[in-house]
Amino acid sequence: MSDKGTVGESLDEVVHQRTRLSILMLLGGGVEVDFSFLRTSLDLTDGNLGRHLDVLAEAGIIAVRKTYNGRRSRSWIRLTDYGTLKLGQEARILRSIADQIDQVRAPNSDETY
């Protein structure tokens, strides 16, 4: 895929969706965080966050690891190598879009439309 393609062709909805992109940004840099950190940071309900994590996990973008303390479970989330690649692609595409916007000339104030 080329950064020169159309925006619709370039953006991956699994990654680009606002909440999922926020999750990926929090996971950037190779950190592993627990479910409650993401829930609190993003101000989401358990169910809403769980569904977004399911989508990302099904796409191979994140890995979820469960630990147990007695009967209490704790979920740990991290980017996979593929997820790191997809986040990098998204960042390049967004930079390309921003560059295209910056190149658009502002209309002269004396022009009439």
# chains A, B, ... in the order shown; residues from 1 in each chain; ligands from 1
>>> residues_around(residues="Gln17 of chain A", least_positions_apart="4", cutoff="12 Å", atoms="only C-alpha atoms", output="PyMOL selection string")
chain A and resi 11-13+21-24+52+55-56+87+90
>>> write_last_selection(atoms="N, CA, C and O atoms", output="short mmCIF file (atom, residue, chain, number, x, y, z; two decimals), in the first residue's frame")
data_model
loop_
_atom_site.label_atom_id
_atom_site.label_comp_id
_atom_site.auth_asym_id
_atom_site.auth_seq_id
_atom_site.Cartn_x
_atom_site.Cartn_y
_atom_site.Cartn_z
N LEU A 11 -6.62 4.01 5.05
CA LEU A 11 -6.92 3.87 6.47
C LEU A 11 -7.57 2.53 6.76
O LEU A 11 -8.48 2.10 6.05
N ASP A 12 -7.10 1.86 7.79
CA ASP A 12 -7.65 0.58 8.22
C ASP A 12 -8.64 0.86 9.34
O ASP A 12 -8.26 1.34 10.40
N GLU A 13 -9.91 0.56 9.14
CA GLU A 13 -10.95 0.90 10.11
C GLU A 13 -10.72 0.22 11.45
O GLU A 13 -11.08 0.77 12.49
N LEU A 21 -7.71 3.38 18.16
CA LEU A 21 -6.46 4.11 17.94
C LEU A 21 -5.92 4.64 19.27
O LEU A 21 -4.71 4.58 19.52
N SER A 22 -6.79 5.09 20.14
CA SER A 22 -6.36 5.54 21.47
C SER A 22 -5.75 4.40 22.27
O SER A 22 -4.73 4.58 22.96
N ILE A 23 -6.34 3.22 22.19
CA ILE A 23 -5.78 2.05 22.86
C ILE A 23 -4.37 1.77 22.34
O ILE A 23 -3.43 1.57 23.11
N LEU A 24 -4.23 1.78 21.02
CA LEU A 24 -2.93 1.49 20.41
C LEU A 24 -1.89 2.54 20.79
O LEU A 24 -0.72 2.20 21.02
N HIS A 52 -13.76 -3.60 22.11
CA HIS A 52 -12.68 -3.04 21.30
C HIS A 52 -11.44 -3.93 21.36
O HIS A 52 -10.78 -4.15 20.35
N VAL A 55 -11.91 -6.95 19.08
CA VAL A 55 -11.70 -6.62 17.67
C VAL A 55 -10.20 -6.57 17.36
O VAL A 55 -9.74 -7.13 16.36
N LEU A 56 -9.44 -5.90 18.22
CA LEU A 56 -8.00 -5.77 18.00
C LEU A 56 -7.29 -7.13 18.12
O LEU A 56 -6.39 -7.44 17.34
N LEU A 87 0.21 0.24 13.61
CA LEU A 87 0.21 1.57 14.21
C LEU A 87 1.16 2.49 13.46
O LEU A 87 0.83 3.65 13.20
N GLU A 90 -0.51 3.55 10.23
CA GLU A 90 -1.54 4.56 10.50
C GLU A 90 -0.89 5.93 10.71
O GLU A 90 -1.37 6.94 10.17
#
>>> select_by_dssp(residues="chain A", states="strand (DSSP E or B)", output="list in words")
Glu32, Val33, Asp34, Ile62, Ala63, Val64, Arg65, Lys66, Thr67, Tyr68, Asn69, Arg72, Ser73, Arg74, Ser75, Trp76, Ile77, Arg78 and Leu79 of chain A
>>> write_last_selection(atoms="C-alpha atoms", output="PDB file, in the first residue's frame")
ATOM      1  CA  GLU A  32       2.122  -3.976  28.577  1.00  0.00           C
ATOM      2  CA  VAL A  33      -0.765  -2.539  30.563  1.00  0.00           C
ATOM      3  CA  ASP A  34      -3.624  -4.040  32.479  1.00  0.00           C
ATOM      4  CA  ILE A  62      -2.853  -6.964  20.326  1.00  0.00           C
ATOM      5  CA  ALA A  63      -2.148  -9.897  22.604  1.00  0.00           C
ATOM      6  CA  VAL A  64      -4.033 -10.434  25.835  1.00  0.00           C
ATOM      7  CA  ARG A  65      -2.435 -12.365  28.693  1.00  0.00           C
ATOM      8  CA  LYS A  66      -4.408 -13.400  31.768  1.00  0.00           C
ATOM      9  CA  THR A  67      -2.920 -13.823  35.212  1.00  0.00           C
ATOM     10  CA  TYR A  68      -4.640 -15.028  38.349  1.00  0.00           C
ATOM     11  CA  ASN A  69      -4.381 -14.072  41.994  1.00  0.00           C
ATOM     12  CA  ARG A  72      -9.336 -13.021  40.680  1.00  0.00           C
ATOM     13  CA  SER A  73      -8.121 -12.662  37.098  1.00  0.00           C
ATOM     14  CA  ARG A  74      -6.193  -9.780  35.620  1.00  0.00           C
ATOM     15  CA  SER A  75      -5.813  -9.120  31.884  1.00  0.00           C
ATOM     16  CA  TRP A  76      -2.601  -7.676  30.450  1.00  0.00           C
ATOM     17  CA  ILE A  77      -2.583  -6.161  26.970  1.00  0.00           C
ATOM     18  CA  ARG A  78       0.314  -5.419  24.636  1.00  0.00           C
ATOM     19  CA  LEU A  79       0.864  -4.684  20.963  1.00  0.00           C
TER      20      LEU A  79
END
>>> select_by_dssp(residues="chain A", states="alpha helix (DSSP H)", output="VMD selection string")
chain A and resid 7 to 10 13 to 16 18 to 27 35 to 42 46 to 58 81 to 103
